[in-house]
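Okay, final.pdb is below, PDB, C-alpha atoms:
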ATOM      1  CA  MET A  10       0.000   0.000   0.000
ATOM      2  CA  PRO A  11       1.567   3.346  -1.022
ATOM      3  CA  PRO A  12       2.234   5.884   1.752
ATOM      4  CA  ALA A  13      -0.434   8.490   2.342
ATOM      5  CA  SER A  14       0.173  11.920   0.869
ATOM      6  CA  ILE A  15      -1.359  15.313   1.501
ATOM      7  CA  HIS A  16      -2.235  15.296  -2.193
ATOM      8  CA  ASP A  17      -4.681  12.468  -1.424
ATOM      9  CA  LEU A  18      -6.857  14.824   0.553
ATOM     10  CA  ALA A  19     -10.032  16.098  -1.052
ATOM     11  CA  LEU A  20      -9.781  19.587  -2.534
ATOM     12  CA  GLU A  21     -12.353  20.951  -0.101
ATOM     13  CA  THR A  22     -10.419  19.550   2.895
ATOM     14  CA  LEU A  23      -7.171  21.035   1.664
ATOM     15  CA  GLN A  24      -8.805  24.416   1.142
ATOM     16  CA  HIS A  25     -10.173  24.318   4.692
ATOM     17  CA  ILE A  26      -6.642  23.735   6.012
ATOM     18  CA  PHE A  27      -5.187  26.448   3.798
ATOM     19  CA  THR A  28      -7.762  28.940   5.077
ATOM     20  CA  TYR A  29      -5.968  28.950   8.447
ATOM     21  CA  ALA A  30      -2.529  29.078   6.809
ATOM     22  CA  CYS A  31      -3.510  32.104   4.709
ATOM     23  CA  ALA A  32      -4.507  34.284   7.654
ATOM     24  CA  ASP A  33      -1.232  36.251   7.527
ATOM     25  CA  GLU A  34      -0.453  39.295   5.346
ATOM     26  CA  GLY A  35      -0.517  37.195   2.132
ATOM     27  CA  SER A  36       2.902  35.520   1.971
ATOM     28  CA  ALA A  37       1.650  32.068   3.025
ATOM     29  CA  GLY A  38      -0.790  31.837   0.116
ATOM     30  CA  TYR A  39       1.902  32.899  -2.340
ATOM     31  CA  THR A  40       4.307  30.246  -0.987
ATOM     32  CA  LEU A  41       1.701  27.484  -1.067
ATOM     33  CA  ALA A  42       0.853  28.303  -4.681
ATOM     34  CA  LEU A  43       4.449  27.504  -5.657
ATOM     35  CA  VAL A  44       4.471  23.996  -4.130
ATOM     36  CA  SER A  45       2.613  22.162  -6.910
ATOM     37  CA  LYS A  46      -0.164  22.560  -9.445
ATOM     38  CA  TYR A  47      -2.570  20.843  -7.074
ATOM     39  CA  PHE A  48      -1.673  23.215  -4.243
ATOM     40  CA  ASN A  49      -1.970  26.154  -6.634
ATOM     41  CA  GLN A  50      -5.457  25.039  -7.610
ATOM     42  CA  ALA A  51      -6.476  24.523  -3.986
ATOM     43  CA  VAL A  52      -5.116  27.788  -2.625
ATOM     44  CA  HIS A  53      -6.149  30.064  -5.506
ATOM     45  CA  PRO A  54      -9.628  31.021  -4.191
ATOM     46  CA  ILE A  55      -8.301  31.814  -0.707
ATOM     47  CA  ARG A  56      -4.688  32.935  -1.169
ATOM     48  CA  VAL A  57      -5.586  36.637  -1.188
ATOM     49  CA  ARG A  58      -8.255  36.692   1.494
ATOM     50  CA  THR A  59      -5.760  38.596   3.642
ATOM     51  CA  VAL A  60      -3.451  41.042   1.860
ATOM     52  CA  ALA A  61      -0.933  43.651   3.035
ATOM     53  CA  LEU A  62       0.497  46.209   0.582
ATOM     54  CA  TYR A  63       3.460  48.292   1.758
ATOM     55  CA  ASP A  64       4.163  50.767  -1.032
ATOM     56  CA  VAL A  65       2.971  52.092  -4.383
ATOM     57  CA  VAL A  66       4.877  49.404  -6.305
ATOM     58  CA  GLN A  67       2.993  46.627  -4.494
ATOM     59  CA  ILE A  68      -0.317  48.469  -4.924
ATOM     60  CA  GLU A  69       0.286  48.711  -8.688
ATOM     61  CA  SER A  70       1.287  45.033  -8.875
ATOM     62  CA  PHE A  71      -1.776  43.886  -6.931
ATOM     63  CA  ALA A  72      -4.047  46.000  -9.129
ATOM     64  CA  ALA A  73      -2.593  44.216 -12.188
ATOM     65  CA  PHE A  74      -3.148  40.831 -10.497
ATOM     66  CA  LEU A  75      -6.785  41.622  -9.762
ATOM     67  CA  THR A  76      -7.385  42.880 -13.277
ATOM     68  CA  THR A  77      -5.904  39.807 -15.017
ATOM     69  CA  SER A  78      -7.208  37.035 -12.720
ATOM     70  CA  VAL A  79      -9.535  34.596 -14.451
ATOM     71  CA  GLN A  80     -11.441  33.979 -11.217
ATOM     72  CA  ARG A  81     -12.368  37.075  -9.228
ATOM     73  CA  PRO A  82     -10.248  37.020  -6.059
ATOM     74  CA  ARG A  83     -12.194  37.569  -2.849
ATOM     75  CA  VAL A  84     -10.239  39.763  -0.442
ATOM     76  CA  HIS A  85     -11.645  39.842   3.102
ATOM     77  CA  HIS A  86      -8.925  41.786   4.920
ATOM     78  CA  LEU A  87      -6.736  44.522   3.399
ATOM     79  CA  PHE A  88      -3.891  46.595   4.861
ATOM     80  CA  VAL A  89      -2.388  49.412   2.761
ATOM     81  CA  SER A  90       0.562  51.607   3.743
ATOM     82  CA  THR A  91       2.350  54.401   1.886
ATOM     83  CA  TRP A  92       4.541  55.312   4.854
ATOM     84  CA  GLN A  93       7.708  53.988   3.160
ATOM     85  CA  ASP A  94       6.933  56.058   0.062
ATOM     86  CA  GLY A  95       6.527  59.112   2.287
ATOM     87  CA  ALA A  96       9.927  58.427   3.863
ATOM     88  CA  ARG A  97      11.443  58.318   0.355
ATOM     89  CA  VAL A  98       9.884  61.691  -0.416
ATOM     90  CA  VAL A  99      11.342  63.197   2.767
ATOM     91  CA  GLN A 100      14.778  61.776   2.016
ATOM     92  CA  THR A 101      14.661  63.106  -1.551
ATOM     93  CA  ARG A 102      13.655  66.546  -0.375
ATOM     94  CA  THR A 103      16.240  66.923   2.386
ATOM     95  CA  GLY A 104      18.800  64.180   1.820
ATOM     96  CA  ASP A 105      18.242  63.219   5.462
ATOM     97  CA  LEU A 106      15.989  60.318   6.423
ATOM     98  CA  SER A 107      16.340  61.156  10.114
ATOM     99  CA  ARG A 108      13.730  63.907   9.639
ATOM    100  CA  GLN A 109      10.674  61.768   9.302
ATOM    101  CA  GLU A 110       7.464  62.984   7.745
ATOM    102  CA  GLU A 111       5.818  63.581  11.122
ATOM    103  CA  ASP A 112       8.185  66.534  11.599
ATOM    104  CA  TYR A 113       6.833  68.266   8.523
ATOM    105  CA  GLU A 114       3.260  68.072   9.670
ATOM    106  CA  MET A 115       4.171  69.973  12.834
ATOM    107  CA  TYR A 116       6.849  72.256  11.392
ATOM    108  CA  PRO A 117       6.216  73.819   7.960
ATOM    109  CA  ILE A 118       8.409  73.062   4.962
ATOM    110  CA  GLU A 119       9.447  76.705   4.828
ATOM    111  CA  ALA A 120      11.485  76.177   7.976
ATOM    112  CA  TYR A 121      13.873  74.005   5.931
ATOM    113  CA  GLU A 122      13.544  75.888   2.652
ATOM    114  CA  GLU A 123      17.279  76.404   2.150
ATOM    115  CA  GLU A 124      17.879  72.629   2.266
ATOM    116  CA  VAL A 125      14.983  71.540   0.061
ATOM    117  CA  ASN A 126      15.751  69.686  -3.179
ATOM    118  CA  TRP A 127      12.667  71.004  -4.957
ATOM    119  CA  ALA A 128      13.191  69.475  -8.425
ATOM    120  CA  ASP A 129      13.660  65.824  -7.406
ATOM    121  CA  TRP A 130      11.050  66.131  -4.661
ATOM    122  CA  THR A 131       8.429  67.477  -7.073
ATOM    123  CA  THR A 132       9.118  64.751  -9.638
ATOM    124  CA  LEU A 133       8.982  61.887  -7.148
ATOM    125  CA  ARG A 134       5.901  63.177  -5.350
ATOM    126  CA  LYS A 135       4.034  63.751  -8.622
ATOM    127  CA  ASP A 136       4.893  60.260  -9.859
ATOM    128  CA  LEU A 137       3.734  58.608  -6.621
ATOM    129  CA  ASN A 138       0.503  60.623  -6.503
ATOM    130  CA  GLU A 139      -0.328  59.838 -10.133
ATOM    131  CA  LYS A 140       0.150  56.104  -9.600
ATOM    132  CA  LEU A 141      -1.797  56.106  -6.348
ATOM    133  CA  SER A 142      -4.705  58.011  -7.891
ATOM    134  CA  VAL A 143      -5.018  55.318 -10.558
ATOM    135  CA  PHE A 144      -4.120  52.017  -8.899
ATOM    136  CA  LEU A 145      -5.375  52.315  -5.311
ATOM    137  CA  PRO A 146      -8.960  53.228  -6.304
ATOM    138  CA  ARG A 147      -8.797  50.330  -8.771
ATOM    139  CA  VAL A 148      -7.814  47.934  -5.976
ATOM    140  CA  LEU A 149     -10.524  49.261  -3.663
ATOM    141  CA  GLN A 150     -13.133  48.980  -6.422
ATOM    142  CA  PHE A 151     -12.235  45.318  -7.016
ATOM    143  CA  VAL A 152     -12.229  44.248  -3.363
ATOM    144  CA  ALA A 153     -15.083  46.385  -2.010
ATOM    145  CA  THR A 154     -17.833  43.755  -2.259
ATOM    146  CA  ASP A 155     -16.157  41.108  -0.067
ATOM    147  CA  LEU A 156     -13.991  43.241   2.221
ATOM    148  CA  ARG A 157     -14.504  42.778   5.975
ATOM    149  CA  SER A 158     -11.661  44.891   7.397
ATOM    150  CA  LEU A 159      -9.644  47.725   5.861
ATOM    151  CA  SER A 160      -6.669  49.555   7.382
ATOM    152  CA  ILE A 161      -4.897  52.362   5.521
ATOM    153  CA  VAL A 162      -1.820  54.233   6.761
ATOM    154  CA  HIS A 163      -1.295  57.036   4.268
ATOM    155  CA  SER A 164       1.741  59.314   4.190
ATOM    156  CA  TRP A 165       1.275  63.002   4.908
ATOM    157  CA  GLU A 166       3.680  63.656   2.030
ATOM    158  CA  LEU A 167       1.114  62.442  -0.509
ATOM    159  CA  SER A 168      -2.303  63.626  -1.665
ATOM    160  CA  PRO A 169      -5.528  62.351  -0.031
ATOM    161  CA  ILE A 170      -7.048  59.140  -1.364
ATOM    162  CA  ALA A 171     -10.440  59.035  -3.081
ATOM    163  CA  TYR A 172     -12.739  56.189  -2.059
ATOM    164  CA  PRO A 173     -14.432  55.222  -5.328
ATOM    165  CA  THR A 174     -17.283  53.038  -4.139
ATOM    166  CA  CYS A 175     -19.455  51.684  -1.348
ATOM    167  CA  PHE A 176     -18.144  48.891   0.908
ATOM    168  CA  PRO A 177     -21.325  46.909   1.671
ATOM    169  CA  SER A 178     -19.745  44.234   3.909
ATOM    170  CA  LEU A 179     -16.994  46.183   5.687
ATOM    171  CA  GLU A 180     -17.050  45.747   9.468
ATOM    172  CA  GLU A 181     -13.838  47.464  10.653
ATOM    173  CA  LEU A 182     -12.136  50.528   9.191
ATOM    174  CA  THR A 183      -8.884  52.228  10.219
ATOM    175  CA  VAL A 184      -7.617  55.360   8.471
ATOM    176  CA  PHE A 185      -4.379  57.190   9.337
ATOM    177  CA  GLY A 186      -2.885  60.207   7.604
ATOM    178  CA  PRO A 187      -4.590  62.712   5.289
ATOM    179  CA  LEU A 188      -8.307  62.075   5.468
ATOM    180  CA  PRO A 189      -9.704  60.442   2.311
ATOM    181  CA  ARG A 190     -12.041  62.219  -0.062
ATOM    182  CA  LEU A 191     -15.568  60.999   0.597
ATOM    183  CA  PRO A 192     -18.745  61.924  -1.296
ATOM    184  CA  GLU A 193     -20.653  64.932   0.002
ATOM    185  CA  VAL A 194     -23.188  64.105   2.695
ATOM    186  CA  ALA A 195     -26.059  65.880   0.970
ATOM    187  CA  VAL A 196     -25.788  63.896  -2.263
ATOM    188  CA  SER A 197     -24.630  60.424  -1.224
ATOM    189  CA  SER A 198     -25.650  57.324   0.657
ATOM    190  CA  PRO A 199     -23.213  55.963   3.294
ATOM    191  CA  CYS A 200     -19.936  54.545   1.941
ATOM    192  CA  PHE A 201     -19.501  52.189   4.919
ATOM    193  CA  PRO A 202     -23.042  51.207   5.964
ATOM    194  CA  THR A 203     -22.024  48.100   7.958
ATOM    195  CA  VAL A 204     -18.887  49.344   9.729
ATOM    196  CA  ARG A 205     -19.082  48.717  13.485
ATOM    197  CA  ALA A 206     -15.559  49.749  14.532
ATOM    198  CA  LEU A 207     -13.932  52.950  13.223
ATOM    199  CA  HIS A 208     -10.412  54.165  14.071
ATOM    200  CA  ILE A 209      -9.211  57.508  12.653
ATOM    201  CA  GLY A 210      -5.735  58.920  13.160
ATOM    202  CA  CYS A 211      -5.669  62.538  12.039
ATOM    203  CA  PRO A 212      -4.943  65.810  13.900
ATOM    204  CA  SER A 213      -7.696  67.705  12.063
ATOM    205  CA  VAL A 214     -10.564  65.209  12.012
ATOM    206  CA  ALA A 215     -14.182  66.401  11.887
ATOM    207  CA  LEU A 216     -16.925  63.877  12.560
ATOM    208  CA  ALA A 217     -19.840  65.043  10.401
ATOM    209  CA  HIS A 218     -18.744  63.156   7.255
ATOM    210  CA  TRP A 219     -17.753  60.043   9.160
ATOM    211  CA  ILE A 220     -20.948  59.856  11.189
ATOM    212  CA  HIS A 221     -22.939  60.031   7.942
ATOM    213  CA  HIS A 222     -20.857  57.397   6.151
ATOM    214  CA  THR A 223     -20.731  54.953   9.118
ATOM    215  CA  PRO A 224     -24.325  54.923  10.440
ATOM    216  CA  ALA A 225     -23.925  51.543  12.179
ATOM    217  CA  VAL A 226     -20.692  52.300  14.072
ATOM    218  CA  THR A 227     -20.682  51.253  17.737
ATOM    219  CA  ARG A 228     -16.990  51.771  18.562
ATOM    220  CA  LEU A 229     -15.119  54.935  17.631
ATOM    221  CA  ARG A 230     -11.478  55.740  18.267
ATOM    222  CA  LEU A 231      -9.798  59.038  17.382
ATOM    223  CA  SER A 232      -5.986  59.142  17.630
ATOM    224  CA  GLU A 233      -3.352  61.849  17.125
ATOM    225  CA  LEU A 234      -5.834  64.640  17.905
ATOM    226  CA  SER A 235      -4.711  68.273  17.923
ATOM    227  CA  PRO A 236      -6.316  71.741  18.167
ATOM    228  CA  ASP A 237      -6.773  71.568  14.383
ATOM    229  CA  ALA A 238      -9.806  69.384  15.147
ATOM    230  CA  ASN A 239     -11.463  72.536  16.474
ATOM    231  CA  SER A 240     -15.088  71.403  16.117
ATOM    232  CA  LEU A 241     -14.521  68.051  17.832
ATOM    233  CA  PRO A 242     -15.418  69.028  21.437
ATOM    234  CA  GLU A 243     -18.812  70.354  20.319
ATOM    235  CA  GLU A 244     -19.384  67.332  18.057
ATOM    236  CA  LEU A 245     -18.596  64.967  20.929
ATOM    237  CA  ALA A 246     -20.988  66.839  23.223
ATOM    238  CA  VAL A 247     -23.785  66.325  20.692
ATOM    239  CA  ILE A 248     -22.933  62.699  19.895
ATOM    240  CA  THR A 249     -22.716  61.664  23.553
ATOM    241  CA  GLY A 250     -25.728  63.735  24.598
ATOM    242  CA  THR A 251     -23.809  65.728  27.211
ATOM    243  CA  GLY A 252     -23.357  69.438  27.771
ATOM    244  CA  ARG A 253     -25.518  72.352  26.668
ATOM    245  CA  THR A 254     -25.791  70.988  23.130
ATOM    246  CA  ALA A 255     -27.369  67.704  24.222
ATOM    247  CA  GLY A 256     -30.307  66.654  22.069
ATOM    248  CA  THR A 257     -29.560  69.148  19.307
ATOM    249  CA  VAL A 258     -28.015  68.916  15.864
ATOM    250  CA  ALA A 259     -24.726  70.785  15.525
ATOM    251  CA  HIS A 260     -21.830  70.721  13.070
ATOM    252  CA  GLY A 261     -23.812  68.210  10.996
ATOM    253  CA  VAL A 262     -24.022  65.557  13.742
ATOM    254  CA  GLN A 263     -26.641  64.453  16.246
ATOM    255  CA  SER A 264     -26.861  62.178  19.271
ATOM    256  CA  ARG A 265     -25.673  58.600  18.648
ATOM    257  CA  PRO A 266     -26.778  56.402  21.583
ATOM    258  CA  GLN A 267     -25.670  53.257  19.699
ATOM    259  CA  LEU A 268     -22.043  54.355  20.139
ATOM    260  CA  LYS A 269     -21.006  52.132  23.034
ATOM    261  CA  LEU A 270     -17.325  53.105  23.205
ATOM    262  CA  ILE A 271     -15.398  56.230  22.230
ATOM    263  CA  ARG A 272     -11.608  56.328  22.775
ATOM    264  CA  LEU A 273      -9.706  59.594  22.359
ATOM    265  CA  GLN A 274      -5.937  60.047  22.209
ATOM    266  CA  ILE A 275      -4.532  63.573  21.980
ATOM    267  CA  ARG A 276      -1.256  63.861  20.155
ATOM    268  CA  ASN A 277       1.714  64.652  22.372
ATOM    269  CA  ILE A 278       4.061  67.297  20.990
ATOM    270  CA  SER A 279       7.731  67.977  21.388
ATOM    271  CA  ARG A 280       7.771  71.352  23.104
ATOM    272  CA  GLN A 281      11.340  72.077  22.097
ATOM    273  CA  GLY A 282      11.443  74.998  19.692
ATOM    274  CA  LEU A 283       7.712  75.719  19.927
ATOM    275  CA  CYS A 284       6.388  79.093  21.040
ATOM    276  CA  THR A 285       4.687  79.342  24.424
ATOM    277  CA  SER A 286       1.324  80.327  22.921
ATOM    278  CA  PHE A 287       1.263  77.146  20.808
ATOM    279  CA  VAL A 288       1.929  74.958  23.849
ATOM    280  CA  ILE A 289      -0.792  76.806  25.813
ATOM    281  CA  LEU A 290      -3.239  76.266  22.932
ATOM    282  CA  TYR A 291      -2.485  72.549  23.001
ATOM    283  CA  ASN A 292      -2.993  72.326  26.766
ATOM    284  CA  LEU A 293      -6.281  74.239  26.588
ATOM    285  CA  TYR A 294      -7.525  71.941  23.816
ATOM    286  CA  ALA A 295      -6.696  68.835  25.850
ATOM    287  CA  LEU A 296      -8.505  70.350  28.838
ATOM    288  CA  LYS A 297     -11.562  71.164  26.720
ATOM    289  CA  ILE A 298     -11.735  67.573  25.440
ATOM    290  CA  CYS A 299     -11.538  66.210  28.970
ATOM    291  CA  MET A 300     -14.133  68.649  30.326
ATOM    292  CA  THR A 301     -16.543  67.908  27.457
ATOM    293  CA  THR A 302     -16.442  64.147  27.925
ATOM    294  CA  ARG A 303     -15.877  63.763  31.670
ATOM    295  CA  ARG A 304     -19.526  62.947  32.452
ATOM    296  CA  CYS A 305     -19.912  60.313  29.734
ATOM    297  CA  ARG A 306     -18.958  56.781  30.746
ATOM    298  CA  ARG A 307     -18.765  55.725  27.119
ATOM    299  CA  VAL A 308     -15.763  57.992  26.542
ATOM    300  CA  LYS A 309     -12.212  57.080  27.510
ATOM    301  CA  VAL A 310      -9.456  59.713  27.123
ATOM    302  CA  LEU A 311      -6.081  57.992  26.803
ATOM    303  CA  GLY A 312      -2.817  59.432  28.052
ATOM    304  CA  THR A 313      -0.764  61.450  25.572
ATOM    305  CA  ARG A 314       2.457  59.919  24.275
ATOM    306  CA  GLN A 315       5.340  60.850  22.014
ATOM    307  CA  TYR A 316       5.563  58.031  19.487
ATOM    308  CA  ARG A 317       8.646  57.202  17.438
ATOM    309  CA  PRO A 318       8.495  57.860  13.673
ATOM    310  CA  GLY A 319       6.747  54.993  11.929
ATOM    311  CA  PHE A 320       5.057  53.777  15.115
ATOM    312  CA  TRP A 321       1.532  53.911  13.732
ATOM    313  CA  ASP A 322       2.505  52.120  10.528
ATOM    314  CA  SER A 323       3.601  49.037  12.457
ATOM    315  CA  ARG A 324       0.989  49.463  15.196
ATOM    316  CA  VAL A 325      -1.974  49.635  12.804
ATOM    317  CA  LYS A 326      -0.735  46.560  10.952
ATOM    318  CA  ARG A 327      -0.324  44.676  14.249
ATOM    319  CA  ASP A 328      -3.849  45.643  15.319
ATOM    320  CA  TRP A 329      -5.222  44.683  11.898
ATOM    321  CA  LEU A 330      -3.683  41.189  12.055
ATOM    322  CA  GLY A 331      -4.670  40.815  15.692
ATOM    323  CA  ARG A 332      -8.308  41.594  14.983
ATOM    324  CA  ILE A 333      -8.356  39.015  12.174
ATOM    325  CA  HIS A 334      -7.344  36.392  14.745
ATOM    326  CA  GLY A 335      -9.843  37.615  17.330
ATOM    327  CA  GLY A 336      -7.593  39.939  19.342
ATOM    328  CA  ALA A 337      -8.621  43.231  20.944
ATOM    329  CA  GLY A 338      -6.340  45.414  18.799
ATOM    330  CA  CYS A 339      -6.746  49.134  19.483
ATOM    331  CA  TRP A 340      -9.884  48.370  21.551
ATOM    332  CA  SER A 341      -7.914  46.814  24.394
ATOM    333  CA  THR A 342      -8.903  48.148  27.800
ATOM    334  CA  GLU A 343      -5.286  48.070  28.982
ATOM    335  CA  GLU A 344      -3.607  51.487  28.837
ATOM    336  CA  ARG A 345      -0.167  49.880  28.713
ATOM    337  CA  ASP A 346      -1.066  48.293  25.374
ATOM    338  CA  GLU A 347      -0.860  51.755  23.846
ATOM    339  CA  ALA A 348       2.922  51.977  24.285
TER     340      ALA A 348
END
Could I get this file's structure written as C-alpha cells?
Amino acid sequence: MPPASIHDLALETLQHIFTYACADEGSAGYTLALVSKYFNQAVHPIRVRTVALYDVVQIESFAAFLTTSVQRPRVHHLFVSTWQDGARVVQTRTGDLSRQEEDYEMYPIEAYEEEVNWADWTTLRKDLNEKLSVFLPRVLQFVATDLRSLSIVHSWELSPIAYPTCFPSLEELTVFGPLPRLPEVAVSSPCFPTVRALHIGCPSVALAHWIHHTPAVTRLRLSELSPDANSLPEELAVITGTGRTAGTVAHGVQSRPQLKLIRLQIRNISRQGLCTSFVILYNLYALKICMTTRRCRRVKVLGTRQYRPGFWDSRVKRDWLGRIHGGAGCWSTEERDEA
C-alpha cells in the first residue's frame, strides 16, 4: 500500500486547512501556490483573502493581479501603507531620512527651505501621486464587495485618497494620515453602511462626514488629535448627549446612543522649539476635550504619548492582524497596550 500523501486529501479539505494558513499578510498563500499545481489550484480562491500592501509598487502590482485574474479574487482583509513612500519623499527633499514625515506636519516646509531639493522632490511626489490616484482606487473597487476589514496608513507627504465606491460588507475601518475624499453628505448614501468599529488617526478630524458614512458604528477611536480638530469638542458633546448641546443637531451631527465606546488620544508634541502660545493652545484643547467628555462613561481619554516615527505604521498593521485572529487590537482596555 503506497504511503499516504497530503495530495490524497479532497480539494475541499485542503482548502479548509489552507484557510488557516492564509490568515497572515498574504505571503503564506503565495508560498503554497508555488508547491505544486494541485496546491496552486487549492489555494487560488483563498490565497488573497488577507493582503498587506506596503508601497505604491505593491499596490500597482496587486491592481494588475486583480485585473488579469480569471477567477475574481475575494479579499476579506486589506492593509495598505504608503509610509515607506513618504519616507522616500522626505529623504529626496532633504537628503536626510532622520527627519521623518511627522516633523513636517508639525513644522512647515518653509522652515527648511534652504535645504529643500525642490526638483527631485516634485518629480517623485508627482509620480507617486499619479500612480496612487489610478491604482489604489482600482484595488478598492475590485475588493469592495467582499472586504470585511480595511486599514490604511497614508503618508502626509502624498495627496488624499479618493474612495471610489461603497463597501457593503466592511465591518472594521482604520484610516491614518490625510483624510480620504468621501462623497458629500447631501448627495450620497453611506460609503460604509455596515462598519461597526472605526479608528481615525488625524490631527484635524471632523466627525460630520464620518458619522454620515458609518451609520452603524458602535466603537469609535480618534488618535493623534490636535487643536486643528477645532469642532470636535462640540461634536462629541452632541454625539454623547452631554453638555448644553445635548439633544440638538450641531456641526452636521446628532446624538448617537448606539455608540457604546469612544476612545480619544490627543497627540503629544515635542515642546522644544515651539512658542509658548502654541503649547498653551495645546494644553487648553486637551482640557476642553476632557471637560466635554468627563460625564460620559462611554468615553475614555487615553494618556498622551510621544511616538517614534513609523510607530503607527507598524501598530496599525499589528492591530489589523490581531483583529483578524480575534484579538482586541486598538480596543484593548489596557492602557499599557498603547505603548
Residue IDs satisfying the PyMOL selection byres ((chain A and resi 181-198) around 8), as a PyMOL selection string: chain A and resi 157-165+168-172+179-180+199-200+204-211+214+218+221-222+325
Computed interatomic separation between CA of Thr223 in chain A and CA of Asp155 in chain A (Å):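 According to the coordinates, CA of Thr223 in chain A and CA of Asp155 in chain A are separated by 17.2 Å.
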Tell me, as a ChimeraX atom specification, which residues lie within 8 Å of Pro242 in chain A, counting all atoms listed in the file; anything in the same chain fewer than 3 positions away does not count. /A:239,245-246,297-298,301
Using only C-alpha atoms, determine which residues lie at most 12 Å from Asp136 in chain A, disregarding the query and same-chain residues fewer than 6 positions distant; provide the list as a list in words. Val65, Val66, Asp94, Val98, Asp129, Trp130, Ser142, Val143, Leu167 and Ser168 of chain A
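Distance annotation: of A:Leu87, A:Arg81, A:Gln93, A:Ser70, the residue with the minimal separation from Asp322 in chain A is A:Gln93; atom set is only C-alpha atoms.
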As a check of understanding, name the residues that the PyMOL selection byres ((chain A and resi 277) around 9) selects in the supplied structure, as a ChimeraX atom specification. /A:233-235,274-276,278-279,291,312-316
Mind checking which residues fall within 12 Å of Arg327 in chain A, counting all atoms listed in the file, ignoring those fewer than 2 positions away in the same chain, and posting them as a PDB file with C-alpha atoms, in the coordinates of the input?
ATOM      1  CA  ASP A  33      -1.232  36.251   7.527  1.00  0.00           C
ATOM      2  CA  GLU A  34      -0.453  39.295   5.346  1.00  0.00           C
ATOM      3  CA  ALA A  61      -0.933  43.651   3.035  1.00  0.00           C
ATOM      4  CA  PHE A  88      -3.891  46.595   4.861  1.00  0.00           C
ATOM      5  CA  SER A 160      -6.669  49.555   7.382  1.00  0.00           C
ATOM      6  CA  PHE A 320       5.057  53.777  15.115  1.00  0.00           C
ATOM      7  CA  TRP A 321       1.532  53.911  13.732  1.00  0.00           C
ATOM      8  CA  ASP A 322       2.505  52.120  10.528  1.00  0.00           C
ATOM      9  CA  SER A 323       3.601  49.037  12.457  1.00  0.00           C
ATOM     10  CA  ARG A 324       0.989  49.463  15.196  1.00  0.00           C
ATOM     11  CA  VAL A 325      -1.974  49.635  12.804  1.00  0.00           C
ATOM     12  CA  TRP A 329      -5.222  44.683  11.898  1.00  0.00           C
ATOM     13  CA  LEU A 330      -3.683  41.189  12.055  1.00  0.00           C
ATOM     14  CA  GLY A 331      -4.670  40.815  15.692  1.00  0.00           C
ATOM     15  CA  ARG A 332      -8.308  41.594  14.983  1.00  0.00           C
ATOM     16  CA  ILE A 333      -8.356  39.015  12.174  1.00  0.00           C
ATOM     17  CA  HIS A 334      -7.344  36.392  14.745  1.00  0.00           C
ATOM     18  CA  GLY A 336      -7.593  39.939  19.342  1.00  0.00           C
ATOM     19  CA  ALA A 337      -8.621  43.231  20.944  1.00  0.00           C
ATOM     20  CA  GLY A 338      -6.340  45.414  18.799  1.00  0.00           C
ATOM     21  CA  CYS A 339      -6.746  49.134  19.483  1.00  0.00           C
ATOM     22  CA  ASP A 346      -1.066  48.293  25.374  1.00  0.00           C
ATOM     23  CA  GLU A 347      -0.860  51.755  23.846  1.00  0.00           C
TER      24      GLU A 347
END
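Between CA of Asp237 in chain A and CA of Ala215 in chain A the interatomic distance comes to 9.4 Å.
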Going by the chain IDs and residue numbers used in this file, which residues fall under the PyMOL selection byres ((chain A and resi 69) around 12)? Write them as a ChimeraX atom specification. /A:62-68,70-76,89,137,139-149
For CA of Ser240 in chain A and CA of Thr91 in chain A, quote the distance in Å rounded to one decimal.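 Separation of CA of Ser240 in chain A and CA of Thr91 in chain A: 28.2 Å.
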Find, counting all atoms listed in the file, the residue in A:Tyr47, A:Phe201, A:Trp219, A:Tyr294 that gets nearest to Val262 in chain A.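 Result for the nearest residue to Val262 in chain A: A:Trp219.
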How big is the axis-aligned box around all listed atoms of range 238-253 of chain A once 6 Å goes on each side, and where's its centre, in Å to one decimal, as lines of an AutoDock Vina configuration file?
center_x = -17.8
center_y = 67.1
center_z = 21.5
size_x = 27.9
size_y = 22.9
size_z = 24.6
